[in-house]
Amino acid sequence: MTGQRRTMVRAAMAQSGHFTAEEMHRWLSRDGEPVSLATVYRGLAVLEEAAVVEGHDFADGTRRYERAVDREHHDHMVCVDCRAVIEFTNDRIEELQQQVVDDHGFTMQDHSLTLFVECKAWHAEGSCSRREEREARRKASGIG
């Protein structure tokens with residue numbers, strides 16, 4: 001493992017939520033780590049293959065990552081309006097999934113659940129605090 005990848009592992013493990021390759025690149029650059037965006041993409045692919053991070057495609061063209069180590073299982077809701085990604089756990093959903101697997105005579109090895117949702121606030125009021133926070137973060141970071 002290269003020094004840059006070790007630095008990437010440390011940066012990924014410091015995150016409590018989801019992040020993009022572009023965000024990782026910005027963090028590394030800010031911290032004085034001379035790394036190209038292409039190197040970050042390649043490094044994240046290696047870290048994903050090694051099960052250090054888990055990658056998600058939430059149907060918006062941007063792959064998001066989260067640490068896979070020292071993390072509890074959770075599912076995701078993705079707002080198609082504000083693009084917020086909300087992590088959640090629900091014991092009843094977990095039990096129902098297991099029941100479906102059992103009913104079909106299988107053993108579950110792994111699973112993920114992603115719900116694509118619409119923002120009620122955005123549709124009712126034309127504003128959404130999650131969307132506004134995301135846009136403010138994007139502007140502050142120089143993206144878009």
# chains A, B, ... in the order shown; residues from 1 in each chain; ligands from 1
call {"tool": "select_by_dssp", "arguments": {"residues": "region 5-141 of chain A", "states": "alpha helix (DSSP H)", "output": "ChimeraX atom specification"}}
result
/A:5-13,21-30,37-49,91-103,120-125,129-141
call {"tool": "write_last_selection", "arguments": {"atoms": "C-alpha atoms", "output": "tab-separated table (two decimals), in the first residue's frame"}}
result
chain	number	residue	atom	x	y	z
A	5	ARG	CA	-3.45	5.18	-0.06
A	6	ARG	CA	-2.64	5.05	3.66
A	7	THR	CA	-3.50	8.75	3.82
A	8	MET	CA	-6.74	8.03	1.93
A	9	VAL	CA	-7.63	5.27	4.41
A	10	ARG	CA	-7.10	7.68	7.31
A	11	ALA	CA	-9.25	10.34	5.60
A	12	ALA	CA	-12.02	7.83	4.83
A	13	MET	CA	-12.03	6.45	8.37
A	21	ALA	CA	-13.94	11.20	-4.78
A	22	GLU	CA	-13.94	14.94	-5.41
A	23	GLU	CA	-14.41	15.64	-1.70
A	24	MET	CA	-11.61	13.22	-0.82
A	25	HIS	CA	-9.36	14.96	-3.35
A	26	ARG	CA	-10.19	18.36	-1.85
A	27	TRP	CA	-9.44	17.13	1.72
A	28	LEU	CA	-6.12	15.63	0.67
A	29	SER	CA	-5.12	18.75	-1.28
A	30	ARG	CA	-6.11	20.99	1.63
A	37	LEU	CA	-8.08	13.30	-8.84
A	38	ALA	CA	-7.36	10.26	-11.05
A	39	THR	CA	-5.19	8.81	-8.29
A	40	VAL	CA	-8.01	9.33	-5.79
A	41	TYR	CA	-10.47	7.49	-8.06
A	42	ARG	CA	-8.02	4.60	-8.52
A	43	GLY	CA	-7.26	4.53	-4.80
A	44	LEU	CA	-10.92	4.45	-3.82
A	45	ALA	CA	-11.49	1.55	-6.23
A	46	VAL	CA	-8.68	-0.37	-4.53
A	47	LEU	CA	-10.01	0.49	-1.06
A	48	GLU	CA	-13.49	-0.60	-2.11
A	49	GLU	CA	-12.16	-3.92	-3.40
A	91	ASP	CA	-35.80	-3.66	12.88
A	92	ARG	CA	-39.15	-4.48	11.25
A	93	ILE	CA	-37.69	-4.03	7.75
A	94	GLU	CA	-34.73	-6.23	8.68
A	95	GLU	CA	-37.09	-8.92	10.01
A	96	LEU	CA	-39.27	-8.77	6.87
A	97	GLN	CA	-36.25	-9.09	4.60
A	98	GLN	CA	-35.08	-12.13	6.56
A	99	GLN	CA	-38.57	-13.63	6.38
A	100	VAL	CA	-38.66	-13.22	2.58
A	101	VAL	CA	-35.25	-14.89	2.29
A	102	ASP	CA	-36.36	-17.76	4.57
A	103	ASP	CA	-39.68	-18.18	2.72
A	120	LYS	CA	-42.47	16.89	0.81
A	121	ALA	CA	-41.17	20.31	1.87
A	122	TRP	CA	-39.74	21.02	-1.60
A	123	HIS	CA	-43.01	20.12	-3.30
A	124	ALA	CA	-45.23	21.93	-0.79
A	125	GLU	CA	-43.17	25.05	-0.06
A	129	SER	CA	-33.44	22.92	4.43
A	130	ARG	CA	-31.40	19.87	3.34
A	131	ARG	CA	-31.17	21.21	-0.22
A	132	GLU	CA	-30.21	24.69	1.00
A	133	GLU	CA	-27.54	23.25	3.34
A	134	ARG	CA	-26.12	21.12	0.51
A	135	GLU	CA	-25.97	24.10	-1.85
A	136	ALA	CA	-24.28	26.22	0.83
A	137	ARG	CA	-21.65	23.46	1.39
A	138	ARG	CA	-21.07	23.21	-2.39
A	139	LYS	CA	-20.56	26.97	-2.69
A	140	ALA	CA	-18.27	27.08	0.34
A	141	SER	CA	-16.14	24.27	-1.08
call {"tool": "atom_distance", "arguments": {"atom1": "CA of Tyr65 (chain A)", "atom2": "CA of Ala14 (chain A)"}}
result
12.5 Å
call {"tool": "closest_residue", "arguments": {"among": "A:Thr114, A:Ser36, A:Thr2, A:Asn90", "to": "His56 (chain A)", "atoms": "only C-alpha atoms"}}
result
A:Thr114
call {"tool": "atom_distance", "arguments": {"atom1": "CA of Phe19 (chain A)", "atom2": "CA of Arg64 (chain A)"}}
result
5.3 Å
call {"tool": "atom_distance", "arguments": {"atom1": "CA of Gln15 (chain A)", "atom2": "CA of His76 (chain A)"}}
result
16.8 Å
call {"tool": "select_by_dssp", "arguments": {"residues": "region 19-132 of chain A", "states": "strand (DSSP E)", "output": "list in words"}}
result
Val53, Glu54, Gly55, His56, Asp57, Arg63, Arg64, Tyr65, Glu66, Arg67, Asp75, His76, Met77, Val78, Cys79, Val85, Ile86, Glu87, Phe88, Thr114, Leu115, Phe116 and Val117 of chain A
call {"tool": "residues_around", "arguments": {"residues": "Val78 (chain A)", "least_positions_apart": "6", "cutoff": "6 Å", "atoms": "only C-alpha atoms", "output": "ChimeraX atom specification"}}
result
/A:84-85,116-117
call {"tool": "write_last_selection", "arguments": {"atoms": "C-alpha atoms", "output": "short mmCIF file (atom, residue, chain, number, x, y, z; two decimals), in the first residue's frame"}}
result
data_model
loop_
_atom_site.label_atom_id
_atom_site.label_comp_id
_atom_site.auth_asym_id
_atom_site.auth_seq_id
_atom_site.Cartn_x
_atom_site.Cartn_y
_atom_site.Cartn_z
CA ALA A 84 -29.89 14.17 0.52
CA VAL A 85 -28.78 10.71 1.62
CA PHE A 116 -35.70 6.82 -3.50
CA VAL A 117 -38.01 9.43 -2.00
#
call {"tool": "closest_residue", "arguments": {"among": "A:Leu113, A:Glu87, A:Cys82, A:His18", "to": "Ala68 (chain A)", "atoms": "only C-alpha atoms"}}
result
A:His18
